[in-house]
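*Asks:* Please see the structure below; I have some questions.
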Amino acid sequence: MAAVSDPVGLGAPWGPARPEPPPTRFHPVHGANIRVDLSGTRATRVESFAHGVCFSREPLAPGQVFLVEIEEKELGWCGHLRLGLTALDPASLAAVPEFSLPDLVSLGHTWVFAITRHHNRVPREGRPEAEALAPSRPPALLVEPYLCIEQFRIPRDRLVGRSRPGLYSHLLDQLYELNVLPPTARRSRLGVLFCPRLDGTADMHIVINGEDMGPSARGLPAAQPLYAVVDVFASTKSVRLIQLEYGCRYPILWAATPPGPQWGQEPARTSEPAGKTLVCPALL
């Protein structure tokens, strides 16, 4: 029976008081056609196009990215990887559903996003839908070392999948840096995380090759343990987990009243913070 860890509260940043989340692993409970390697970091669908649903071994912490890289593709199938979150404990399932959509979602407390080759971005509140259909702008990857999603700042480099990955990729020329893969291509990197809100709910965000696709689901129960869902579906045959390093030199404050600190700005050091302290993933 898998253990369920306590959810991380808004006032509990990673640091000396609370250790960083453990490395991500796949849950031993998974679809009938999935084989997980001994390290728990690679999941392969060995036959058919279905029964490929996988879960994270532990619930995610707020702002923690469950990041996978597509390792193998299989021709002849229609459809791609599916990614999301569930408040269901995988160990409590009588049987893992054949599909994440619609089977797992129909059980309730589950939010899954089907990845497509195009149009994965979700329009932000108050913005036109045309914004979601606009093409990506890879040059931002050259300028911004962090991906900022709501109250979290995440090192971008390991989030980005490229066709020729290398140890010194950050030193190569601009043409190489702009060589960002399509979402469904081999070596693309896709992740899911949730961001708590002050009303006790959370937003689910999908990250594709270092770019936030926007809140693909709202109103998730932030106080409940939330497990990542990865459906190795159809043309996606095998994925492996990519580990991120987290650290937090200074907590980012979500002040009750303005002004609040800007991204990358050190909060004022006071004995009584003006707002709630949130988790801050950042480079060590």
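Residue numbering restarts at 1 in every chain; chains get A, B, ... in the order shown in the structure tokens, and ligands count up from 1 in that same order.
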Excluding same-chain residues fewer than 6 positions from Pro59 of chain A, what lies within 6 Å of it counting only C-alpha atoms, as JSON, numbers by chain?
*Replies:* {"A": [225, 226, 227]}
*Asks:* Please provide the set of residues having any atom within 8 Å of Thr44 of chain A, restricted to only C-alpha atoms, with same-chain residues fewer than 5 positions apart removed, written as a PyMOL selection string.
*Replies:* chain A and resi 34-36+232+237-239
*Asks:* Produce a file of the selected residues containing all heavy atoms, as a compact mmCIF listing (two decimals), in the first residue's frame.
*Replies:*
# COMPACT_ATOMS: atom_id res chain seq x y z
N ILE A 34 1.98 -1.32 -19.21
CA ILE A 34 3.14 -0.51 -18.84
C ILE A 34 4.17 -1.37 -18.11
O ILE A 34 3.84 -2.19 -17.26
CB ILE A 34 2.72 0.67 -17.94
CG1 ILE A 34 2.02 1.74 -18.78
CG2 ILE A 34 3.93 1.28 -17.23
CD1 ILE A 34 2.91 2.46 -19.78
N ARG A 35 5.44 -1.14 -18.44
CA ARG A 35 6.56 -1.72 -17.70
C ARG A 35 7.42 -0.56 -17.21
O ARG A 35 7.87 0.26 -18.00
CB ARG A 35 7.38 -2.66 -18.58
CG ARG A 35 6.59 -3.84 -19.15
CD ARG A 35 6.13 -4.80 -18.06
NE ARG A 35 5.38 -5.92 -18.64
CZ ARG A 35 4.06 -5.94 -18.79
NH1 ARG A 35 3.34 -4.88 -18.42
NH2 ARG A 35 3.47 -7.00 -19.32
N VAL A 36 7.65 -0.52 -15.91
CA VAL A 36 8.49 0.51 -15.29
C VAL A 36 9.83 -0.11 -14.96
O VAL A 36 9.89 -1.22 -14.42
CB VAL A 36 7.82 1.09 -14.03
CG1 VAL A 36 8.74 2.09 -13.34
CG2 VAL A 36 6.49 1.75 -14.38
N VAL A 232 0.73 7.07 -21.23
CA VAL A 232 1.61 6.77 -22.36
C VAL A 232 0.72 6.17 -23.45
O VAL A 232 0.60 4.95 -23.59
CB VAL A 232 2.73 5.80 -21.93
CG1 VAL A 232 3.74 5.61 -23.06
CG2 VAL A 232 3.44 6.32 -20.68
N LYS A 237 5.31 5.92 -26.90
CA LYS A 237 5.57 4.55 -26.46
C LYS A 237 6.33 4.49 -25.14
O LYS A 237 6.10 3.60 -24.31
CB LYS A 237 6.34 3.78 -27.53
CG LYS A 237 6.61 2.32 -27.18
CD LYS A 237 7.30 1.59 -28.32
CE LYS A 237 7.60 0.14 -27.95
NZ LYS A 237 6.37 -0.63 -27.71
N SER A 238 7.26 5.41 -24.94
CA SER A 238 8.10 5.35 -23.73
C SER A 238 8.47 6.76 -23.29
O SER A 238 8.74 7.64 -24.12
CB SER A 238 9.38 4.55 -24.01
OG SER A 238 10.19 4.47 -22.86
N VAL A 239 8.46 6.98 -21.96
CA VAL A 239 8.87 8.27 -21.38
C VAL A 239 9.82 8.02 -20.21
O VAL A 239 9.79 6.95 -19.59
CB VAL A 239 7.65 9.09 -20.89
CG1 VAL A 239 6.74 9.44 -22.05
CG2 VAL A 239 6.89 8.35 -19.80
*Asks:* Separation of atom CA of Thr24 of chain A and atom CA of Ser56 of chain A, in Å?
*Replies:* 6.9 Å
*Asks:* I want to know what sits within 9 Å of Gly31 of chain A, based on only C-alpha atoms, with residues of the same chain fewer than 3 positions away left out; could you give that as a list of chain:residue names?
*Replies:*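 Here the qualifying residues turn out to be A:Ile34, A:Arg35, A:Arg45, A:Ala50, A:His51, A:Gly52, A:Val53, A:Cys54, A:Ala95, A:Val96, A:Pro97, A:Glu98, A:Phe99, A:Asp231.
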*Asks:* Grab the residues selected above and save them as a compact mmCIF listing (two decimals), in the first residue's frame with N, CA and C atoms.
*Replies:*
# COMPACT_ATOMS: atom_id res chain seq x y z
N ILE A 34 1.98 -1.32 -19.21
CA ILE A 34 3.14 -0.51 -18.84
C ILE A 34 4.17 -1.37 -18.11
N ARG A 35 5.44 -1.14 -18.44
CA ARG A 35 6.56 -1.72 -17.70
C ARG A 35 7.42 -0.56 -17.21
N ARG A 45 5.20 1.43 -22.73
CA ARG A 45 4.02 0.63 -23.09
C ARG A 45 4.49 -0.48 -24.03
N ALA A 50 -3.27 1.31 -25.61
CA ALA A 50 -4.00 1.72 -24.41
C ALA A 50 -3.41 1.02 -23.19
N HIS A 51 -4.12 1.14 -22.06
CA HIS A 51 -3.65 0.59 -20.79
C HIS A 51 -2.25 1.11 -20.46
N GLY A 52 -2.04 2.42 -20.71
CA GLY A 52 -0.73 3.01 -20.48
C GLY A 52 -0.72 4.08 -19.40
N VAL A 53 -1.71 4.07 -18.49
CA VAL A 53 -1.81 5.11 -17.47
C VAL A 53 -0.78 4.87 -16.36
N CYS A 54 -0.04 5.92 -16.02
CA CYS A 54 0.96 5.88 -14.93
C CYS A 54 0.67 7.01 -13.95
N ALA A 95 -8.82 -1.18 -10.11
CA ALA A 95 -8.13 -1.47 -11.36
C ALA A 95 -7.79 -0.14 -12.03
N VAL A 96 -6.65 -0.08 -12.68
CA VAL A 96 -6.29 1.14 -13.39
C VAL A 96 -7.09 1.21 -14.68
N PRO A 97 -7.80 2.30 -14.94
CA PRO A 97 -8.61 2.39 -16.16
C PRO A 97 -7.78 2.24 -17.43
N GLU A 98 -8.45 1.85 -18.50
CA GLU A 98 -7.77 1.66 -19.78
C GLU A 98 -7.23 2.96 -20.32
N PHE A 99 -7.99 4.05 -20.16
CA PHE A 99 -7.61 5.36 -20.66
C PHE A 99 -7.70 6.39 -19.53
N ASP A 231 -0.33 9.43 -19.16
CA ASP A 231 -0.92 8.37 -19.98
C ASP A 231 -0.04 8.18 -21.22
*Asks:* With only C-alpha atoms as the counted atoms, please give the residues lying no more than 9 Å from segment 196-202 of chain A, apart from itself and same-chain residues fewer than 6 positions off, as a PDB file with all heavy atoms, in the first residue's frame.
*Replies:*
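Printed below is result_4.pdb as written:
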ATOM      1  N   LEU A  10       0.638  26.396   2.577  1.00  0.00           N
ATOM      2  CA  LEU A  10       1.140  27.624   1.976  1.00  0.00           C
ATOM      3  C   LEU A  10       2.273  28.235   2.780  1.00  0.00           C
ATOM      4  O   LEU A  10       3.128  28.895   2.246  1.00  0.00           O
ATOM      5  CB  LEU A  10      -0.008  28.635   1.856  1.00  0.00           C
ATOM      6  CG  LEU A  10      -1.061  28.351   0.790  1.00  0.00           C
ATOM      7  CD1 LEU A  10      -2.139  29.408   0.851  1.00  0.00           C
ATOM      8  CD2 LEU A  10      -0.441  28.318  -0.592  1.00  0.00           C
ATOM      9  N   PRO A  62       3.389  21.708  -3.874  1.00  0.00           N
ATOM     10  CA  PRO A  62       3.042  22.888  -4.678  1.00  0.00           C
ATOM     11  C   PRO A  62       4.265  23.399  -5.443  1.00  0.00           C
ATOM     12  O   PRO A  62       5.345  23.549  -4.880  1.00  0.00           O
ATOM     13  CB  PRO A  62       2.579  23.904  -3.633  1.00  0.00           C
ATOM     14  CG  PRO A  62       2.099  23.070  -2.491  1.00  0.00           C
ATOM     15  CD  PRO A  62       3.011  21.878  -2.462  1.00  0.00           C
ATOM     16  N   GLY A  63       4.100  23.648  -6.719  1.00  0.00           N
ATOM     17  CA  GLY A  63       5.195  24.155  -7.533  1.00  0.00           C
ATOM     18  C   GLY A  63       6.180  23.110  -8.006  1.00  0.00           C
ATOM     19  O   GLY A  63       7.086  23.425  -8.777  1.00  0.00           O
ATOM     20  N   GLN A 151       3.100  32.115  -8.549  1.00  0.00           N
ATOM     21  CA  GLN A 151       4.041  32.520  -7.511  1.00  0.00           C
ATOM     22  C   GLN A 151       5.342  31.730  -7.535  1.00  0.00           C
ATOM     23  O   GLN A 151       6.166  31.862  -6.639  1.00  0.00           O
ATOM     24  CB  GLN A 151       3.388  32.377  -6.118  1.00  0.00           C
ATOM     25  CG  GLN A 151       3.105  30.936  -5.689  1.00  0.00           C
ATOM     26  CD  GLN A 151       1.726  30.480  -6.064  1.00  0.00           C
ATOM     27  OE1 GLN A 151       1.251  30.800  -7.137  1.00  0.00           O
ATOM     28  NE2 GLN A 151       1.058  29.739  -5.174  1.00  0.00           N
ATOM     29  N   ALA A 217      -6.574  23.695 -15.854  1.00  0.00           N
ATOM     30  CA  ALA A 217      -7.691  23.342 -14.972  1.00  0.00           C
ATOM     31  C   ALA A 217      -7.628  24.229 -13.745  1.00  0.00           C
ATOM     32  O   ALA A 217      -6.547  24.575 -13.263  1.00  0.00           O
ATOM     33  CB  ALA A 217      -7.630  21.868 -14.572  1.00  0.00           C
ATOM     34  N   ARG A 218      -8.789  24.615 -13.236  1.00  0.00           N
ATOM     35  CA  ARG A 218      -8.881  25.457 -12.039  1.00  0.00           C
ATOM     36  C   ARG A 218      -9.755  24.769 -11.001  1.00  0.00           C
ATOM     37  O   ARG A 218     -10.520  23.855 -11.308  1.00  0.00           O
ATOM     38  CB  ARG A 218      -9.464  26.824 -12.383  1.00  0.00           C
ATOM     39  CG  ARG A 218      -8.622  27.659 -13.342  1.00  0.00           C
ATOM     40  CD  ARG A 218      -9.254  29.034 -13.552  1.00  0.00           C
ATOM     41  NE  ARG A 218      -8.532  29.852 -14.505  1.00  0.00           N
ATOM     42  CZ  ARG A 218      -7.487  30.613 -14.188  1.00  0.00           C
ATOM     43  NH1 ARG A 218      -7.055  30.652 -12.939  1.00  0.00           N
ATOM     44  NH2 ARG A 218      -6.893  31.337 -15.113  1.00  0.00           N
ATOM     45  N   GLY A 219      -9.624  25.228  -9.758  1.00  0.00           N
ATOM     46  CA  GLY A 219     -10.488  24.726  -8.704  1.00  0.00           C
ATOM     47  C   GLY A 219     -10.080  23.379  -8.142  1.00  0.00           C
ATOM     48  O   GLY A 219     -10.898  22.705  -7.517  1.00  0.00           O
ATOM     49  N   LEU A 220      -8.822  22.980  -8.343  1.00  0.00           N
ATOM     50  CA  LEU A 220      -8.358  21.724  -7.769  1.00  0.00           C
ATOM     51  C   LEU A 220      -8.279  21.854  -6.244  1.00  0.00           C
ATOM     52  O   LEU A 220      -8.005  22.947  -5.721  1.00  0.00           O
ATOM     53  CB  LEU A 220      -6.982  21.345  -8.318  1.00  0.00           C
ATOM     54  CG  LEU A 220      -6.928  20.680  -9.696  1.00  0.00           C
ATOM     55  CD1 LEU A 220      -7.380  21.629 -10.795  1.00  0.00           C
ATOM     56  CD2 LEU A 220      -5.521  20.164  -9.993  1.00  0.00           C
ATOM     57  N   PRO A 221      -8.489  20.766  -5.495  1.00  0.00           N
ATOM     58  CA  PRO A 221      -8.421  20.841  -4.031  1.00  0.00           C
ATOM     59  C   PRO A 221      -6.973  20.875  -3.544  1.00  0.00           C
ATOM     60  O   PRO A 221      -6.323  19.840  -3.412  1.00  0.00           O
ATOM     61  CB  PRO A 221      -9.134  19.553  -3.589  1.00  0.00           C
ATOM     62  CG  PRO A 221      -8.897  18.601  -4.720  1.00  0.00           C
ATOM     63  CD  PRO A 221      -8.875  19.417  -5.971  1.00  0.00           C
ATOM     64  N   ALA A 222      -6.474  22.064  -3.261  1.00  0.00           N
ATOM     65  CA  ALA A 222      -5.064  22.219  -2.899  1.00  0.00           C
ATOM     66  C   ALA A 222      -4.716  21.513  -1.595  1.00  0.00           C
ATOM     67  O   ALA A 222      -3.555  21.159  -1.363  1.00  0.00           O
ATOM     68  CB  ALA A 222      -4.708  23.702  -2.797  1.00  0.00           C
ATOM     69  N   ALA A 223      -5.707  21.303  -0.709  1.00  0.00           N
ATOM     70  CA  ALA A 223      -5.427  20.680   0.589  1.00  0.00           C
ATOM     71  C   ALA A 223      -5.313  19.164   0.491  1.00  0.00           C
ATOM     72  O   ALA A 223      -4.882  18.517   1.437  1.00  0.00           O
ATOM     73  CB  ALA A 223      -6.520  21.057   1.587  1.00  0.00           C
TER      74      ALA A 223
END
*Asks:* Which polymer residues have any atom within 12 Å of an atom of Ser100 of chain A, counting only C-alpha atoms, with same-chain residues fewer than 5 positions away left out, as JSON, numbers by chain?
*Replies:* {"A": [30, 31, 50, 51, 52, 53, 54, 55, 80, 81, 82, 83, 84, 85, 86, 105, 106, 107, 108, 110, 111, 112, 113, 114, 228, 229, 230, 231, 232, 233]}
*Asks:* Quick one: contact table of segment 188-241 of chain A to segment 119-123 of chain A, 8 Å max, nearest atom pair and distance in Å to one decimal per residue, counting only C-alpha atoms, chain and number order, as a tab-separated table?
*Replies:*
residue	atom	partner	partner_atom	distance
A:Asp212	CA	A:Arg121	CA	7.7
A:Met213	CA	A:Arg121	CA	4.2
A:Gly214	CA	A:Val122	CA	5.1
A:Pro215	CA	A:Val122	CA	6.5
A:Ser216	CA	A:Val122	CA	6.1
*Asks:* How would the residues just picked look written out with all heavy atoms as a PDB file, in the first residue's frame?
*Replies:*
ATOM      1  N   ASP A 212       5.085  27.721 -20.339  1.00  0.00           N
ATOM      2  CA  ASP A 212       3.831  27.490 -19.621  1.00  0.00           C
ATOM      3  C   ASP A 212       2.658  27.608 -20.583  1.00  0.00           C
ATOM      4  O   ASP A 212       2.527  28.598 -21.299  1.00  0.00           O
ATOM      5  CB  ASP A 212       3.705  28.503 -18.484  1.00  0.00           C
ATOM      6  CG  ASP A 212       2.364  28.429 -17.764  1.00  0.00           C
ATOM      7  OD1 ASP A 212       1.781  27.316 -17.721  1.00  0.00           O
ATOM      8  OD2 ASP A 212       1.919  29.458 -17.245  1.00  0.00           O
ATOM      9  N   MET A 213       1.792  26.589 -20.587  1.00  0.00           N
ATOM     10  CA  MET A 213       0.624  26.605 -21.459  1.00  0.00           C
ATOM     11  C   MET A 213      -0.580  27.292 -20.826  1.00  0.00           C
ATOM     12  O   MET A 213      -1.652  27.363 -21.430  1.00  0.00           O
ATOM     13  CB  MET A 213       0.237  25.168 -21.833  1.00  0.00           C
ATOM     14  CG  MET A 213       1.284  24.430 -22.643  1.00  0.00           C
ATOM     15  SD  MET A 213       1.548  25.142 -24.296  1.00  0.00           S
ATOM     16  CE  MET A 213       3.141  25.942 -24.073  1.00  0.00           C
ATOM     17  N   GLY A 214      -0.416  27.781 -19.583  1.00  0.00           N
ATOM     18  CA  GLY A 214      -1.527  28.428 -18.907  1.00  0.00           C
ATOM     19  C   GLY A 214      -2.286  27.468 -18.013  1.00  0.00           C
ATOM     20  O   GLY A 214      -2.025  26.261 -18.009  1.00  0.00           O
ATOM     21  N   PRO A 215      -3.239  27.975 -17.237  1.00  0.00           N
ATOM     22  CA  PRO A 215      -4.003  27.118 -16.323  1.00  0.00           C
ATOM     23  C   PRO A 215      -4.979  26.223 -17.082  1.00  0.00           C
ATOM     24  O   PRO A 215      -6.034  26.667 -17.508  1.00  0.00           O
ATOM     25  CB  PRO A 215      -4.724  28.119 -15.420  1.00  0.00           C
ATOM     26  CG  PRO A 215      -4.843  29.357 -16.250  1.00  0.00           C
ATOM     27  CD  PRO A 215      -3.641  29.383 -17.145  1.00  0.00           C
ATOM     28  N   SER A 216      -4.625  24.955 -17.251  1.00  0.00           N
ATOM     29  CA  SER A 216      -5.475  24.038 -18.003  1.00  0.00           C
ATOM     30  C   SER A 216      -6.626  23.505 -17.169  1.00  0.00           C
ATOM     31  O   SER A 216      -7.560  22.902 -17.702  1.00  0.00           O
ATOM     32  CB  SER A 216      -4.644  22.873 -18.548  1.00  0.00           C
ATOM     33  OG  SER A 216      -3.940  22.236 -17.520  1.00  0.00           O
TER      34      SER A 216
END
*Asks:* Just the residues within 8 Å of Arg187 of chain A, please, counting only C-alpha atoms, with nothing from its chain fewer than 4 positions along; format it as a ChimeraX atom specification.
*Replies:* /A:69-71,161-163,181
*Asks:* Would you export the selected residues with C-alpha atoms as an mmCIF file, in the first residue's frame, please?
*Replies:*
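Heads up, here's the output in part_14.cif:
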data_model
loop_
_atom_site.group_PDB
_atom_site.id
_atom_site.type_symbol
_atom_site.label_atom_id
_atom_site.label_comp_id
_atom_site.auth_asym_id
_atom_site.auth_seq_id
_atom_site.Cartn_x
_atom_site.Cartn_y
_atom_site.Cartn_z
ATOM 1 C CA GLU A 69 10.827 13.316 -21.728
ATOM 2 C CA ILE A 70 9.413 11.370 -24.668
ATOM 3 C CA GLU A 71 11.950 8.626 -25.374
ATOM 4 C CA GLY A 161 13.782 19.455 -24.886
ATOM 5 C CA ARG A 162 16.045 19.760 -27.929
ATOM 6 C CA SER A 163 16.859 17.447 -30.800
ATOM 7 C CA LEU A 181 10.977 20.565 -30.553
#
*Asks:* Do you have the atom CA of Ser235 of chain A-atom CA of Val65 of chain A distance handy?
*Replies:*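 Here the two named atoms are 23.4 Å from each other.
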*Asks:* Record the distance separating atom CA of Pro145 of chain A and atom CA of Val68 of chain A, expressed in Å with one decimal.
*Replies:*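 The value is 19.8 Å.
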